[in-house]
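Trainee: Sharing my_file20.txt here; it has compact mmCIF, C-alpha atoms.
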```txt
# COMPACT_ATOMS: atom_id res chain seq x y z
CA MET A 279 15.07 2.95 -25.95
CA GLN A 280 18.07 0.67 -26.48
CA LYS A 281 21.19 2.73 -27.26
CA LEU A 282 23.37 1.15 -29.93
CA ALA A 283 26.45 2.08 -31.92
CA LYS A 284 25.90 3.95 -35.20
CA VAL A 285 26.80 2.68 -38.65
CA ILE A 286 26.70 5.52 -41.20
CA LEU A 287 26.20 4.84 -44.90
CA LYS A 288 27.82 6.68 -47.78
CA PRO A 289 25.77 9.35 -49.57
CA GLY A 290 23.17 7.77 -51.86
CA LYS A 291 23.48 4.30 -50.34
CA GLU A 292 20.39 4.73 -48.18
CA LYS A 293 18.21 3.92 -51.22
CA SER A 294 18.91 0.20 -50.86
CA VAL A 295 17.67 0.22 -47.27
CA VAL A 296 14.78 2.71 -47.51
CA LEU A 297 13.34 2.31 -51.02
CA ASN A 298 14.53 -1.15 -52.08
CA ARG A 299 13.99 -2.61 -48.57
CA HIS A 300 16.85 -4.99 -49.18
CA PRO A 301 17.79 -6.75 -45.92
CA TRP A 302 21.52 -6.86 -46.69
CA ILE A 303 23.96 -3.98 -46.20
CA PHE A 304 27.19 -4.47 -48.13
CA SER A 305 30.53 -3.32 -46.77
CA GLY A 306 31.07 -1.01 -49.75
CA ALA A 307 28.00 1.04 -48.77
CA ILE A 308 29.35 1.90 -45.32
CA ASP A 309 31.14 5.18 -44.62
CA THR A 310 31.57 4.98 -40.84
CA PHE A 311 31.93 1.57 -39.25
CA PRO A 312 32.37 1.56 -35.45
CA ASP A 313 34.35 -1.15 -33.70
CA LEU A 314 31.76 -3.94 -33.45
CA ALA A 315 31.98 -7.54 -32.27
CA LEU A 316 30.94 -10.26 -34.71
CA GLY A 317 27.15 -10.18 -34.95
CA GLU A 318 26.68 -7.10 -32.77
CA LEU A 319 23.54 -5.00 -33.24
CA ALA A 320 23.88 -1.40 -34.42
CA ASP A 321 21.66 1.36 -35.76
CA VAL A 322 22.06 2.36 -39.40
CA TYR A 323 22.01 6.03 -40.37
CA SER A 324 22.18 7.90 -43.65
CA SER A 325 24.96 10.39 -44.43
CA LYS A 326 22.47 13.07 -43.32
CA ASN A 327 22.17 11.43 -39.89
CA GLU A 328 18.67 10.01 -40.52
CA PHE A 329 17.82 6.71 -38.83
CA LEU A 330 17.24 3.94 -41.40
CA ALA A 331 17.26 0.53 -39.73
CA ARG A 332 18.49 -1.67 -36.92
CA ALA A 333 20.79 -4.48 -38.06
CA TYR A 334 23.43 -6.87 -36.85
CA PHE A 335 26.90 -6.72 -38.38
CA HIS A 336 29.83 -8.86 -39.40
CA PRO A 337 32.70 -6.42 -40.05
CA GLU A 338 34.77 -9.03 -41.90
CA ASN A 339 32.16 -10.06 -44.51
CA SER A 340 31.08 -8.39 -47.75
CA ILE A 341 27.50 -8.77 -46.47
CA ALA A 342 28.39 -6.58 -43.54
CA GLY A 343 24.92 -6.04 -42.10
CA ARG A 344 21.55 -7.81 -42.02
CA VAL A 345 18.47 -5.76 -41.19
CA MET A 346 16.33 -6.88 -38.27
CA SER A 347 13.99 -3.90 -38.05
CA TYR A 348 13.18 -0.54 -39.64
CA THR A 349 12.39 0.88 -36.21
CA GLN A 350 14.37 1.24 -32.97
CA GLU A 351 12.02 -1.17 -31.20
CA ASP A 352 13.66 -3.45 -28.64
CA ILE A 353 15.08 -6.49 -30.43
CA SER A 354 13.29 -8.92 -28.11
CA ASP A 355 9.94 -7.43 -29.14
CA VAL A 356 11.00 -7.49 -32.80
CA ILE A 357 11.72 -11.22 -32.65
CA GLU A 358 8.47 -11.97 -30.81
CA ASN A 359 6.36 -9.97 -33.28
CA LYS A 360 7.97 -11.56 -36.31
CA LEU A 361 7.47 -15.04 -34.90
CA LYS A 362 3.79 -14.22 -34.35
CA GLN A 363 3.40 -12.84 -37.88
CA ALA A 364 5.08 -15.89 -39.38
CA ALA A 365 2.87 -18.24 -37.38
CA ALA A 366 -0.25 -16.39 -38.53
CA LEU A 367 0.80 -16.76 -42.17
CA ARG A 368 1.27 -20.53 -41.80
CA ALA A 369 -2.03 -20.91 -39.97
CA GLY A 370 -3.76 -19.59 -43.07
CA CYS A 371 -2.01 -21.78 -45.64
CA ILE A 372 -1.21 -25.16 -44.05
CA GLY A 373 -3.86 -27.89 -44.29
CA ILE A 374 -5.18 -29.86 -41.33
CA ASP A 375 -3.53 -33.02 -42.71
CA THR A 376 -0.04 -31.47 -42.43
CA ASN A 377 1.84 -30.99 -39.15
CA CYS A 378 5.36 -30.44 -40.49
CA TYR A 379 6.29 -27.17 -42.15
CA ARG A 380 8.62 -24.18 -42.05
CA VAL A 381 7.75 -21.59 -39.41
CA ILE A 382 10.58 -19.09 -40.07
CA ASN A 383 12.24 -18.75 -43.47
CA SER A 384 15.10 -16.40 -42.68
CA GLU A 385 15.00 -13.05 -44.55
CA ALA A 386 11.55 -13.81 -45.97
CA ASP A 387 10.14 -13.65 -42.44
CA GLY A 388 12.34 -10.76 -41.35
CA LEU A 389 14.72 -12.86 -39.24
CA PRO A 390 17.87 -13.23 -41.34
CA GLY A 391 20.05 -16.20 -40.49
CA LEU A 392 17.26 -18.12 -38.75
CA ILE A 393 15.38 -21.19 -39.99
CA VAL A 394 12.70 -22.80 -37.80
CA ASP A 395 10.86 -25.95 -38.87
CA LYS A 396 7.97 -27.63 -37.06
CA TYR A 397 7.82 -31.43 -36.92
CA ASN A 398 4.59 -32.19 -35.12
CA ASP A 399 5.27 -30.98 -31.56
CA VAL A 400 9.07 -30.79 -32.01
CA TYR A 401 10.73 -27.68 -33.43
CA VAL A 402 14.09 -27.63 -35.18
CA CYS A 403 16.07 -24.43 -35.67
CA GLN A 404 19.08 -23.66 -37.82
CA ILE A 405 21.22 -20.61 -37.07
CA ASN A 406 23.51 -19.56 -39.90
CA THR A 407 24.91 -16.16 -38.91
CA ALA A 408 26.95 -14.72 -36.06
CA GLY A 409 24.31 -12.06 -35.45
CA MET A 410 21.50 -14.56 -35.01
CA ASP A 411 23.77 -16.73 -32.87
CA ARG A 412 24.18 -13.79 -30.47
CA LEU A 413 20.38 -13.57 -30.28
CA LYS A 414 19.87 -17.30 -29.74
CA ASN A 415 18.80 -17.03 -26.10
CA ILE A 416 16.01 -14.61 -27.04
CA VAL A 417 14.96 -16.82 -29.97
CA VAL A 418 14.74 -19.90 -27.72
CA GLU A 419 12.79 -17.98 -25.07
CA LYS A 420 10.25 -16.65 -27.61
CA ILE A 421 9.79 -19.96 -29.46
CA THR A 422 9.21 -21.72 -26.15
CA ALA A 423 6.70 -19.13 -24.94
CA LEU A 424 4.75 -18.88 -28.22
CA PHE A 425 4.69 -22.47 -29.49
CA HIS A 426 5.16 -24.60 -26.34
CA PRO A 427 7.18 -27.29 -28.14
CA ARG A 428 7.81 -30.70 -26.63
CA SER A 429 11.42 -30.19 -27.71
CA LEU A 430 13.54 -27.59 -29.48
CA PHE A 431 16.50 -29.02 -31.38
CA GLU A 432 19.21 -26.92 -33.00
CA LYS A 433 20.76 -28.34 -36.15
CA SER A 434 23.23 -25.68 -37.25
CA ILE A 435 25.68 -27.59 -39.43
CA SER A 436 25.53 -25.60 -42.67
CA SER A 437 28.59 -24.41 -44.58
CA ALA A 438 27.29 -20.84 -44.14
CA ARG A 439 28.28 -20.96 -40.47
CA LEU A 440 31.92 -21.47 -41.34
CA GLN A 441 31.90 -18.29 -43.43
CA GLU A 442 30.56 -16.49 -40.35
CA GLY A 443 33.32 -17.83 -38.11
CA LEU A 444 30.96 -20.20 -36.30
CA GLU A 445 31.54 -23.85 -35.49
CA PRO A 446 28.92 -26.47 -36.46
CA PHE A 447 26.53 -27.26 -33.61
CA GLN A 448 23.62 -29.56 -33.00
CA GLY A 449 21.85 -30.42 -29.79
CA PHE A 450 18.67 -29.97 -27.77
CA LEU A 451 18.05 -26.46 -26.48
CA MET A 452 15.01 -27.35 -24.37
CA GLY A 453 12.53 -30.13 -23.67
CA GLU A 454 12.60 -33.87 -24.13
CA GLU A 455 15.49 -35.40 -26.09
CA VAL A 456 13.91 -37.35 -28.94
CA ASP A 457 15.49 -38.82 -32.06
CA GLU A 458 12.54 -39.87 -34.22
CA VAL A 459 9.38 -37.85 -34.76
CA LEU A 460 6.25 -39.08 -36.53
CA VAL A 461 4.83 -36.40 -38.82
CA GLU A 462 2.16 -36.05 -41.47
CA GLU A 463 2.33 -34.16 -44.77
CA ASN A 464 -0.78 -33.97 -46.94
CA GLY A 465 -2.03 -37.12 -45.23
CA ILE A 466 1.20 -39.11 -45.79
CA GLN A 467 3.15 -40.15 -42.70
CA PHE A 468 6.92 -39.91 -42.30
CA LEU A 469 9.32 -40.95 -39.60
CA VAL A 470 11.88 -38.16 -39.24
CA SER A 471 15.29 -38.58 -37.62
CA LEU A 472 16.46 -35.29 -36.15
CA THR A 473 20.07 -36.42 -35.77
CA GLU A 474 20.62 -38.50 -38.92
CA GLY A 475 18.38 -36.60 -41.35
CA GLN A 476 19.43 -34.14 -44.04
CA LYS A 477 18.72 -30.41 -43.51
CA THR A 478 16.39 -30.20 -40.50
CA GLY A 479 14.91 -33.66 -41.12
CA LEU A 480 12.79 -33.49 -44.28
CA PHE A 481 12.98 -31.49 -47.49
CA LEU A 482 9.88 -29.51 -46.61
CA ASP A 483 10.40 -27.10 -49.52
CA HIS A 484 9.33 -29.73 -52.09
CA ARG A 485 5.84 -30.27 -50.66
CA GLU A 486 3.99 -28.90 -53.68
CA MET A 487 6.21 -30.73 -56.16
CA ARG A 488 5.64 -34.01 -54.31
CA LYS A 489 1.91 -33.40 -54.61
CA LEU A 490 2.34 -32.73 -58.33
CA ILE A 491 4.25 -35.99 -58.82
CA GLY A 492 1.43 -37.84 -57.10
CA GLN A 493 -0.98 -36.42 -59.67
CA TYR A 494 1.19 -37.64 -62.57
CA SER A 495 1.94 -41.12 -61.21
CA LYS A 496 -1.18 -43.20 -61.88
CA ASP A 497 -0.31 -46.50 -63.59
CA LYS A 498 3.27 -45.31 -64.19
CA LYS A 499 6.63 -46.93 -63.44
CA VAL A 500 8.47 -44.32 -61.39
CA LEU A 501 12.19 -43.89 -60.72
CA ASN A 502 13.13 -41.59 -57.84
CA CYS A 503 16.84 -40.67 -57.86
CA PHE A 504 18.44 -39.12 -54.75
CA ALA A 505 15.29 -40.41 -53.04
CA TYR A 506 16.40 -39.69 -49.45
CA THR A 507 13.67 -41.16 -47.19
CA GLY A 508 11.22 -41.65 -50.05
CA GLY A 509 9.19 -38.43 -50.17
CA PHE A 510 8.44 -38.38 -53.90
CA SER A 511 8.17 -42.18 -53.88
CA LEU A 512 5.40 -42.22 -51.27
CA TYR A 513 3.37 -39.63 -53.16
CA ALA A 514 3.81 -41.68 -56.35
CA LEU A 515 2.59 -44.82 -54.58
CA ARG A 516 -0.44 -43.00 -53.20
CA GLY A 517 -1.07 -41.60 -56.68
CA GLY A 518 -1.41 -45.10 -58.09
CA ALA A 519 2.02 -45.81 -59.55
CA SER A 520 2.34 -49.39 -60.78
CA SER A 521 5.86 -49.55 -59.31
CA VAL A 522 8.41 -47.22 -57.75
CA THR A 523 12.19 -47.59 -57.58
CA SER A 524 14.06 -45.37 -55.12
CA ILE A 525 17.83 -44.82 -55.33
CA ASP A 526 19.93 -43.16 -52.63
CA ILE A 527 23.55 -43.58 -51.59
CA SER A 528 22.70 -43.43 -47.87
CA GLU A 529 21.92 -46.77 -46.22
CA SER A 530 20.21 -44.91 -43.39
CA ALA A 531 17.97 -42.97 -45.80
CA CYS A 532 17.05 -46.24 -47.56
CA THR A 533 16.12 -47.78 -44.21
CA TYR A 534 13.75 -44.87 -43.56
CA ALA A 535 12.30 -45.18 -47.07
CA HIS A 536 11.37 -48.79 -46.18
CA LYS A 537 9.98 -47.71 -42.80
CA ASN A 538 7.86 -44.97 -44.39
CA THR A 539 6.49 -47.37 -47.00
CA HIS A 540 5.31 -49.77 -44.28
CA LEU A 541 4.09 -46.90 -42.11
CA ASN A 542 1.66 -45.84 -44.85
CA GLN A 543 0.69 -49.45 -45.61
CA PHE A 544 1.80 -49.23 -49.23
CA PRO A 545 2.60 -52.62 -50.79
CA SER A 546 6.31 -53.27 -50.24
CA ASP A 547 6.52 -55.29 -53.47
CA GLN A 548 5.64 -52.13 -55.41
CA HIS A 549 8.53 -50.16 -53.90
CA THR A 550 12.11 -51.20 -54.63
CA VAL A 551 14.72 -49.31 -52.59
CA ILE A 552 18.35 -49.48 -53.73
CA ALA A 553 21.34 -48.09 -51.82
CA SER A 554 23.61 -46.91 -54.63
CA ASP A 555 25.35 -43.89 -56.08
CA VAL A 556 22.89 -42.44 -58.59
CA PHE A 557 25.54 -41.71 -61.21
CA ASP A 558 26.74 -45.32 -60.99
CA TYR A 559 23.21 -46.69 -61.19
CA LEU A 560 22.32 -44.58 -64.23
CA SER A 561 25.60 -45.42 -65.98
CA GLU A 562 24.88 -49.14 -65.62
CA GLN A 563 21.45 -48.88 -67.29
CA GLU A 564 21.31 -49.28 -71.08
CA GLU A 565 17.90 -47.65 -71.01
CA LEU A 566 15.53 -46.36 -68.37
CA ASP A 567 12.33 -48.37 -68.57
CA PHE A 568 10.32 -45.84 -66.56
CA ASP A 569 7.42 -43.52 -67.36
CA LEU A 570 8.32 -40.88 -64.77
CA VAL A 571 11.77 -40.05 -63.37
CA ILE A 572 12.67 -37.65 -60.55
CA ILE A 573 16.20 -36.30 -60.13
CA ASP A 574 16.56 -34.04 -57.10
CA PRO A 575 20.26 -34.10 -56.19
CA PRO A 576 21.96 -32.36 -53.27
CA ALA A 577 23.48 -28.95 -53.92
CA PHE A 578 26.39 -29.30 -56.34
CA ALA A 579 27.41 -25.63 -55.90
CA LYS A 580 27.93 -24.69 -52.25
CA LYS A 581 30.22 -21.76 -53.06
CA ARG A 582 30.38 -19.27 -55.93
CA LYS A 583 33.59 -20.87 -57.21
CA ASP A 584 31.65 -24.16 -57.61
CA ILE A 585 29.35 -22.78 -60.32
CA GLU A 586 31.30 -24.13 -63.31
CA PRO A 587 31.92 -27.70 -62.05
CA ALA A 588 28.37 -27.82 -60.65
CA SER A 589 26.94 -26.75 -64.01
CA GLN A 590 28.88 -29.55 -65.70
CA ALA A 591 27.60 -32.08 -63.15
CA TYR A 592 23.96 -31.01 -63.65
CA ARG A 593 24.41 -31.12 -67.43
CA ARG A 594 26.02 -34.56 -67.33
CA LEU A 595 23.32 -35.95 -65.02
CA ASN A 596 20.41 -34.65 -67.06
CA SER A 597 22.01 -35.56 -70.38
CA MET A 598 22.48 -39.13 -69.18
CA VAL A 599 18.82 -39.37 -68.20
CA PHE A 600 17.58 -37.75 -71.42
CA SER A 601 19.60 -40.19 -73.52
CA LYS A 602 18.11 -43.24 -71.79
CA LEU A 603 14.46 -42.25 -71.34
CA LYS A 604 11.87 -43.70 -73.69
CA LYS A 605 9.52 -41.53 -75.73
CA GLY A 606 6.48 -40.25 -73.90
CA SER A 607 8.13 -40.19 -70.48
CA PHE A 608 8.18 -37.44 -67.86
CA LEU A 609 11.14 -36.04 -65.93
CA LEU A 610 11.13 -33.82 -62.86
CA THR A 611 14.58 -32.28 -62.55
CA SER A 612 15.54 -29.97 -59.69
CA SER A 613 18.43 -28.00 -58.25
CA CYS A 614 18.75 -26.60 -54.73
CA SER A 615 22.11 -24.93 -55.42
CA TYR A 616 21.81 -21.31 -54.34
CA PHE A 617 24.50 -20.18 -56.79
CA ILE A 618 22.76 -21.78 -59.79
CA ASP A 619 19.85 -19.42 -60.48
CA LYS A 620 16.77 -20.51 -62.41
CA GLN A 621 17.91 -18.90 -65.68
CA LEU A 622 21.24 -20.72 -65.52
CA PHE A 623 19.55 -23.96 -64.50
CA GLN A 624 17.21 -23.85 -67.48
CA GLN A 625 20.17 -23.08 -69.74
CA ILE A 626 21.98 -26.14 -68.36
CA ILE A 627 18.93 -28.33 -69.03
CA PHE A 628 18.75 -26.87 -72.55
CA GLN A 629 22.38 -27.85 -73.13
CA ALA A 630 21.75 -31.36 -71.78
CA GLY A 631 18.78 -31.85 -74.11
CA SER A 632 20.61 -30.37 -77.07
CA GLU A 633 23.49 -32.82 -76.56
CA VAL A 634 21.25 -35.83 -77.09
CA GLN A 635 18.88 -34.22 -79.62
CA ARG A 636 15.61 -35.07 -77.83
CA ASP A 637 12.32 -33.25 -78.25
CA ILE A 638 11.64 -31.86 -74.76
CA ARG A 639 8.81 -29.65 -73.49
CA ILE A 640 8.44 -27.80 -70.20
CA LEU A 641 5.15 -28.62 -68.49
CA GLN A 642 5.68 -26.95 -65.13
CA HIS A 643 8.17 -24.78 -63.29
CA HIS A 644 8.76 -25.07 -59.56
CA ILE A 645 5.69 -24.57 -57.36
CA LEU A 646 6.62 -22.65 -54.22
CA SER A 647 5.44 -24.05 -50.91
CA ALA A 648 3.56 -21.31 -49.06
CA ASP A 649 5.50 -21.97 -45.84
CA HIS A 650 8.69 -21.12 -47.77
CA PRO A 651 7.82 -17.56 -48.82
CA LEU A 652 10.22 -15.22 -50.62
CA SER A 653 10.62 -11.56 -49.82
CA LEU A 654 9.82 -9.42 -52.85
CA TYR A 655 12.84 -7.31 -51.87
CA HIS A 656 15.24 -10.24 -51.47
CA PRO A 657 15.31 -12.31 -54.68
CA GLU A 658 18.51 -13.95 -53.45
CA GLY A 659 16.33 -16.07 -51.17
CA GLU A 660 15.11 -18.14 -54.13
CA TYR A 661 17.32 -21.23 -54.24
CA LEU A 662 15.09 -24.15 -55.33
CA LYS A 663 14.39 -24.68 -59.04
CA SER A 664 12.38 -27.42 -60.73
CA LEU A 665 11.28 -28.27 -64.25
CA LEU A 666 8.70 -30.93 -65.07
CA LEU A 667 9.55 -32.05 -68.60
CA TYR A 668 7.95 -34.24 -71.27
CA ILE A 669 10.32 -36.19 -73.49
CA SER A 670 9.11 -37.30 -76.93
```
Go ahead and express the file in the form of structure tokens.
Mentor:
Amino acid sequence: MQKLAKVILKPGKEKSVVLNRHPWIFSGAIDTFPDLALGELADVYSSKNEFLARAYFHPENSIAGRVMSYTQEDISDVIENKLKQAAALRAGCIGIDTNCYRVINSEADGLPGLIVDKYNDVYVCQINTAGMDRLKNIVVEKITALFHPRSLFEKSISSARLQEGLEPFQGFLMGEEVDEVLVEENGIQFLVSLTEGQKTGLFLDHREMRKLIGQYSKDKKVLNCFAYTGGFSLYALRGGASSVTSIDISESACTYAHKNTHLNQFPSDQHTVIASDVFDYLSEQEELDFDLVIIDPPAFAKKRKDIEPASQAYRRLNSMVFSKLKKGSFLLTSSCSYFIDKQLFQQIIFQAGSEVQRDIRILQHHILSADHPLSLYHPEGEYLKSLLLYIS
């Protein structure tokens, strides 16, 4: 059995680990903290010297420890077993017409700090913590042995890494070096750029909401703001939209939106792609002559101190759209800001609607994609919020 240093919790603090099964151990709960390197594994004990969990630690952070296992099993076996369990879950919930999805969703799959996404036969990983970075060689070995990818690409460029004392990194860890990958989601094809794309390539977490938009799009004029490579737009076109306009500030993303339209043989004259700042575009419109509008901006709040300015930005954006939409139109509004929870987000949307005195009804909250599960014991993992609204 692997012998590790001991971290001892204060009396009463074992409840969070044992009963609440929360994967985070906060610095204030620790009584005895040995001299550990950043991300080093240690065993967690109660004040009565009872083994509780095996975790990796960051002595300088308020989230001092992240639980990897509730046993003293070798960490290599822990990672292998959790990869197998995660793969089995996806095998039971991903359709045969989809070959791009999340394989590991960090704490929800028991591997905190690790994201793994599958794009056809190419896998992309994101490592956000010092502890998982120390385990990277094992992770690469197990992914390679279990999934036999053509390539494994690491895209670890999140702001979370900086808080862990890690430098941004991206590059191939094994296999063939490829830039573009052709994937399929619910029968719609996408070209994904590993190097130029946002996140790991696609916003896989909006799969169910894209499907929902497709169901609402028949014979409608659709506006997709922050369109990226055209995900919502393609579903709207397949759903029978009379026209779709996609707005994104990135020229590269707009190029891929065009490519994806042609790839799926949708009529190019039904899809207008505009490279523009969304706020500028909306400000220039006296009214929005659309039946269905999607606003899915990037995260406005990347740190806790950003909550207030981010709230104002979300309110301003939604208020502008509410004021210019015609009666009987639909709006899908979303936020992926971790620090804006769903209660606050709905309050912001309430304020935006109240400002312009529109009659607004909620038709649907966010539909979770099954490959992006949440741990019942880790509500902090829920970051994506959506509201489908009807404006009358």
Trainee: Using only C-alpha atoms - which residues lie no farther than 12 Å from the point (28.7, -8.8, -40.1) in the file's frame? Write them as a ChimeraX atom specification.
Mentor: /A:285,302-305,308,311-320,333-345,390-391,406-412,441-443
Trainee: Dump C-alpha atoms for the selected residues as a tab-separated table (two decimals), keeping the file's coordinate frame?
Mentor:
```tsv
chain	number	residue	atom	x	y	z
A	285	VAL	CA	26.80	2.68	-38.65
A	302	TRP	CA	21.52	-6.86	-46.69
A	303	ILE	CA	23.96	-3.98	-46.20
A	304	PHE	CA	27.19	-4.47	-48.13
A	305	SER	CA	30.53	-3.32	-46.77
A	308	ILE	CA	29.35	1.90	-45.32
A	311	PHE	CA	31.93	1.57	-39.25
A	312	PRO	CA	32.37	1.56	-35.45
A	313	ASP	CA	34.35	-1.15	-33.70
A	314	LEU	CA	31.76	-3.94	-33.45
A	315	ALA	CA	31.98	-7.54	-32.27
A	316	LEU	CA	30.94	-10.26	-34.71
A	317	GLY	CA	27.15	-10.18	-34.95
A	318	GLU	CA	26.68	-7.10	-32.77
A	319	LEU	CA	23.54	-5.00	-33.24
A	320	ALA	CA	23.88	-1.40	-34.42
A	333	ALA	CA	20.79	-4.48	-38.06
A	334	TYR	CA	23.43	-6.87	-36.85
A	335	PHE	CA	26.90	-6.72	-38.38
A	336	HIS	CA	29.83	-8.86	-39.40
A	337	PRO	CA	32.70	-6.42	-40.05
A	338	GLU	CA	34.77	-9.03	-41.90
A	339	ASN	CA	32.16	-10.06	-44.51
A	340	SER	CA	31.08	-8.39	-47.75
A	341	ILE	CA	27.50	-8.77	-46.47
A	342	ALA	CA	28.39	-6.58	-43.54
A	343	GLY	CA	24.92	-6.04	-42.10
A	344	ARG	CA	21.55	-7.81	-42.02
A	345	VAL	CA	18.47	-5.76	-41.19
A	390	PRO	CA	17.87	-13.23	-41.34
A	391	GLY	CA	20.05	-16.20	-40.49
A	406	ASN	CA	23.51	-19.56	-39.90
A	407	THR	CA	24.91	-16.16	-38.91
A	408	ALA	CA	26.95	-14.72	-36.06
A	409	GLY	CA	24.31	-12.06	-35.45
A	410	MET	CA	21.50	-14.56	-35.01
A	411	ASP	CA	23.77	-16.73	-32.87
A	412	ARG	CA	24.18	-13.79	-30.47
A	441	GLN	CA	31.90	-18.29	-43.43
A	442	GLU	CA	30.56	-16.49	-40.35
A	443	GLY	CA	33.32	-17.83	-38.11
```
Trainee: Work out how far CA of Phe608 (chain A) is from CA of Ser495 (chain A), in Å to one decimal.
Mentor: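 Computing it gives 9.8 Å between the two atoms.
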Trainee: Could you make a table, as JSON lines, of the residues of region 495-530 of chain A that have an atom within 7 Å of an atom of region 568-580 of chain A, each with its nearest atom pair and distance in Å to one decimal, counting all atoms listed in the file, in chain and number order?
Mentor:
```
{"residue": "A:Lys498", "atom": "CA", "partner": "A:Asp569", "partner_atom": "CA", "distance": 5.5}
{"residue": "A:Lys499", "atom": "CA", "partner": "A:Phe568", "partner_atom": "CA", "distance": 5.0}
{"residue": "A:Val500", "atom": "CA", "partner": "A:Leu570", "partner_atom": "CA", "distance": 4.8}
{"residue": "A:Leu501", "atom": "CA", "partner": "A:Val571", "partner_atom": "CA", "distance": 4.7}
{"residue": "A:Asn502", "atom": "CA", "partner": "A:Ile572", "partner_atom": "CA", "distance": 4.8}
{"residue": "A:Cys503", "atom": "CA", "partner": "A:Ile573", "partner_atom": "CA", "distance": 5.0}
{"residue": "A:Phe504", "atom": "CA", "partner": "A:Pro575", "partner_atom": "CA", "distance": 5.5}
```
Trainee: Which is closer to Ile638 (chain A) than all the others in A:Tyr661, A:Gly509, A:Ser615, A:Leu667, using all atoms listed in the file?
Mentor: A:Leu667
Trainee: Near Gln621 (chain A), within 12 Å and counting all atoms listed in the file, which residues show up once chain neighbours fewer than 2 positions away are dropped, as a PyMOL selection string?
Mentor: chain A and resi 613+617-619+623-628+643+660-665
Trainee: By how many Å are CA of His484 (chain A) and CA of Arg593 (chain A) apart?
Mentor: 21.6 Å
Trainee: Can you work out which one of A:Lys288, A:Gly449, A:Thr422, A:Lys489 has the shortest atom-to-atom distance to Leu646 (chain A), counting only C-alpha atoms?
Mentor: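 Under the stated criterion, the closest residue is A:Lys489.
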Trainee: Grab the CA of Ile416 (chain A) to CA of Val356 (chain A) distance for me, in Å with one decimal place.
Mentor: 10.4 Å
Trainee: Would you please work out which residue, of A:Ser561, A:Thr473, A:Ser528, A:Ser653, is nearest to Leu389 (chain A) when using all atoms listed in the file?
Mentor: A:Ser653
Trainee: Choose the residue, out of A:Ser324, A:Cys614, A:Lys581, A:Glu586, that has the smallest atom-to-atom separation from Gly659 (chain A); count all atoms listed in the file.
Mentor: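 Of the candidates, the smallest distance to Gly659 (chain A) is held by A:Cys614.
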Trainee: Between A:Val381, A:Met598, A:Ile435, A:Ile466, which is the closest to Gln563 (chain A) once you count only C-alpha atoms?
Mentor: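 Under the stated criterion, the closest residue is A:Met598.
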Trainee: Counting only C-alpha atoms, write as a short mmCIF file (atom, residue, chain, number, x, y, z; two decimals) with C-alpha atoms, in the frame of the given file all protein and nucleic acid residues lying at most 12 Å from (5.2, -32.1, -52.0) in the file's frame.
Mentor:
```cif
data_model
loop_
_atom_site.label_atom_id
_atom_site.label_comp_id
_atom_site.auth_asym_id
_atom_site.auth_seq_id
_atom_site.Cartn_x
_atom_site.Cartn_y
_atom_site.Cartn_z
CA THR A 376 -0.04 -31.47 -42.43
CA CYS A 378 5.36 -30.44 -40.49
CA TYR A 379 6.29 -27.17 -42.15
CA GLU A 462 2.16 -36.05 -41.47
CA GLU A 463 2.33 -34.16 -44.77
CA ASN A 464 -0.78 -33.97 -46.94
CA GLY A 465 -2.03 -37.12 -45.23
CA ILE A 466 1.20 -39.11 -45.79
CA LEU A 480 12.79 -33.49 -44.28
CA PHE A 481 12.98 -31.49 -47.49
CA LEU A 482 9.88 -29.51 -46.61
CA ASP A 483 10.40 -27.10 -49.52
CA HIS A 484 9.33 -29.73 -52.09
CA ARG A 485 5.84 -30.27 -50.66
CA GLU A 486 3.99 -28.90 -53.68
CA MET A 487 6.21 -30.73 -56.16
CA ARG A 488 5.64 -34.01 -54.31
CA LYS A 489 1.91 -33.40 -54.61
CA LEU A 490 2.34 -32.73 -58.33
CA ILE A 491 4.25 -35.99 -58.82
CA GLY A 492 1.43 -37.84 -57.10
CA GLN A 493 -0.98 -36.42 -59.67
CA GLY A 508 11.22 -41.65 -50.05
CA GLY A 509 9.19 -38.43 -50.17
CA PHE A 510 8.44 -38.38 -53.90
CA SER A 511 8.17 -42.18 -53.88
CA LEU A 512 5.40 -42.22 -51.27
CA TYR A 513 3.37 -39.63 -53.16
CA ALA A 514 3.81 -41.68 -56.35
CA HIS A 644 8.76 -25.07 -59.56
CA ILE A 645 5.69 -24.57 -57.36
CA LEU A 646 6.62 -22.65 -54.22
CA SER A 647 5.44 -24.05 -50.91
CA ALA A 648 3.56 -21.31 -49.06
CA ASP A 649 5.50 -21.97 -45.84
#
```
Trainee: Quick one: 5 Å padding each side, axis-aligned, all listed atoms of region 492-511 of chain A - centre and edge lengths in Å to one decimal, as lines of an AutoDock Vina configuration file?
Mentor:
```
center_x = 8.6
center_y = -41.7
center_z = -55.7
size_x = 29.6
size_y = 20.5
size_z = 27.0
```
Trainee: Taking only C-alpha atoms into account, name the residue in A:Thr533, A:Lys477, A:Val461, A:Ala364 that is nearest to Gln404 (chain A).
Mentor: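 Among A:Thr533, A:Lys477, A:Val461, A:Ala364, it is A:Lys477 that comes nearest to Gln404 (chain A).
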Trainee: Mind checking which residues fall within 9 Å of Ser546 (chain A), counting only C-alpha atoms, ignoring those fewer than 5 positions away in the same chain, and posting them as a ChimeraX atom specification?
Mentor: /A:536,539-540
